[in-house]
Amino acid sequence: MRTVTNLHTAPRVTFDVQKVRRDFPILKEKIRGRPLVYLDNAATTQKPQAVIDTLTRYYSEGNSNIPRGVHFLSERATRNYEEARTTVKTFLNAAASQEIVFVRGATEGINLVAQSYGRTHVQAGDEILISEMEHHSNIVPWQMLCEEKGATLRVIPITDEGEIQLEEYERLLTPKTKLVAVAHVSNALGTINPIREIIAAAHLRNIPVLIDGAQSAPHLPVDVQALDCDFYVFSGHKLYGPTGIGVLYGKTRWLEAMPPYQGGGDMIRSVTFEKTLYNTLPYKFEAGTPHIAGGIGLGVAIRYVQALGLEAIAAYEQALLSYATEAITSVPGVRLIGTAKDKASVISFVLTGVHAHDAGTVLDHDGIAIRAGHHCAQPVMKRFGVPATCRASLSFYNTKEESDALVAGLHKVRAVFHL
Ligand code: 7TS
């Protein structure tokens, strides 16, 4: 058992990692006869039994479409799906459930805002501001919008440590800026961006801000009202929930002012061939049969995380991040990519003389799962002059022993390549 201090409430809380691990059946798996060491949590997290059971139970005992039915199963599925929305609302501390739009994931949430907000609020000559450390999901939708509208994508540069250059950011905020879209936590560098300051600076100029929370929702407490962000997106599958479900949070006043993203069933109040009246929030943005089991499963995943406590999770993961960072950098030839003061979960690095993919393959032989590649953040690779990095990304179910296994694996990589 490990003991960590809860950052925000004085008494010490215990975080029993071995007990937590027992909730995740996949962690018992052997890969090629070796215990799985799963360090690819930024790509997707593993699922606790409670989430797996929820999906099985839904399809075996509760499957039904929502919200059309008047029968028992449909009413119950609708109620459970809407309860999940309330769980998300509480999790993010949104002002109202209607501000929680279920989408497929962070990617779809960003595309929704780019297309819908973009259609009505962005014109030729306008600018969208993103940072140099964004995931492709927070670059390409804005590029597509800019191309359509004749607008310009501007990029906030980052430092050699992988931090946003705040002075440059302020300089790039102009009357032409129609939206700022930045990651809360970088998937390629691990940097925790100072989004409170970023949002405040934009709001001084009445510019709305979208926060890509794909890598923050699983690791940090998030309060969208305290942050005052206009939009916040995350993916369920990176938060111990199912794939194919995610969330767009939007302030009511923005969502009200935005046209629907897609047309179809459930997003309407009435349809004639002459005119369609749209549904109220959030249904206006939820065309078609959604991932019902996914939404309910996400609710269960969030309640699981809430029971552990985001503060306790953050404290445990921070301690593990420090331990693993120090251990990995002690391996000869390792160079960290991303050395920001404030980091979460991600350790990106290169090993001199070995391509990241080769290192990843050798580690995989020992059951150690890391990510090797550009992590859908090619501009970050370009900024640091590397084709790819190895990335170990941590979760609260990872242990110091697993970090030690990774370090032993890296020594083995060096031996295999005669370094
Ligand atoms: N934004 C960030 C910061 C991300 O890390 C990711 C996925 C996305 C958006 C897109 O999320 P999706 O669920 O809609 O695909 N990041 C990663 C990764 O780092 N490795 O695989 C996926």
# chains A, B, ... in the order shown; residues from 1 in each chain; ligands from 1

$ select_by_dssp --residues "range 142-342 of chain A" --states "alpha helix (DSSP H)" --output "PyMOL selection string"
chain A and resi 142-149+166-172+195-203+224-227+252-257+292-308+310-329

$ residues_around --residues "Ala94 in chain A" --least-positions-apart "6" --cutoff "9 Å" --atoms "only C-alpha atoms" --output "mmCIF file with N, CA and C atoms, in the first residue's frame"
data_model
loop_
_atom_site.group_PDB
_atom_site.id
_atom_site.type_symbol
_atom_site.label_atom_id
_atom_site.label_comp_id
_atom_site.auth_asym_id
_atom_site.auth_seq_id
_atom_site.Cartn_x
_atom_site.Cartn_y
_atom_site.Cartn_z
ATOM 1 N N VAL A 88 -21.870 13.568 -15.492
ATOM 2 C CA VAL A 88 -20.854 14.372 -16.190
ATOM 3 C C VAL A 88 -20.957 15.833 -15.752
ATOM 4 N N ILE A 100 -24.165 19.738 -21.328
ATOM 5 C CA ILE A 100 -23.392 18.508 -21.572
ATOM 6 C C ILE A 100 -23.943 17.839 -22.831
ATOM 7 N N ASP A 223 -13.055 22.094 -13.101
ATOM 8 C CA ASP A 223 -14.269 22.834 -12.744
ATOM 9 C C ASP A 223 -14.474 23.879 -13.838
ATOM 10 N N VAL A 224 -15.392 23.570 -14.757
ATOM 11 C CA VAL A 224 -15.516 24.450 -15.933
ATOM 12 C C VAL A 224 -16.032 25.842 -15.557
ATOM 13 N N GLN A 225 -16.786 25.917 -14.446
ATOM 14 C CA GLN A 225 -17.255 27.253 -14.056
ATOM 15 C C GLN A 225 -16.123 28.074 -13.449
ATOM 16 N N TYR A 249 -18.684 20.004 -23.406
ATOM 17 C CA TYR A 249 -19.340 20.973 -22.527
ATOM 18 C C TYR A 249 -19.323 22.304 -23.251
ATOM 19 N N GLY A 250 -20.453 22.999 -23.235
ATOM 20 C CA GLY A 250 -20.484 24.357 -23.789
ATOM 21 C C GLY A 250 -21.369 25.228 -22.926
ATOM 22 N N LYS A 251 -20.975 26.477 -22.755
ATOM 23 C CA LYS A 251 -21.837 27.398 -22.002
ATOM 24 C C LYS A 251 -23.161 27.543 -22.753
#

$ residues_near_ligand --ligand "ligand 1" --cutoff "9 Å" --atoms "only C-alpha atoms and all ligand atoms" --output "PyMOL selection string"
chain A and resi 40-44+104-110+133-138+182-188+212-216+233-238+243-246+371+374-377+391+393

$ residues_around --residues "range 326-333 of chain A" --least-positions-apart "2" --cutoff "7 Å" --atoms "only C-alpha atoms" --output "JSON, numbers by chain"
{"A": [322, 323, 324, 335, 351, 352, 407, 411]}

$ residues_around --residues "range 145-154 of chain A" --least-positions-apart "5" --cutoff "12 Å" --atoms "only C-alpha atoms" --output "ChimeraX atom specification"
/A:110-132,138-140,168-169,171-174,176-182

$ atom_distance --atom1 "CA of Val300 in chain A" --atom2 "CA of Ala84 in chain A"
7.7 Å

$ select_by_dssp --residues "range 9-71 of chain A" --states "strand (DSSP E)" --output "JSON, numbers by chain"
{"A": [13, 14, 15, 30, 31, 34, 35, 37, 38]}
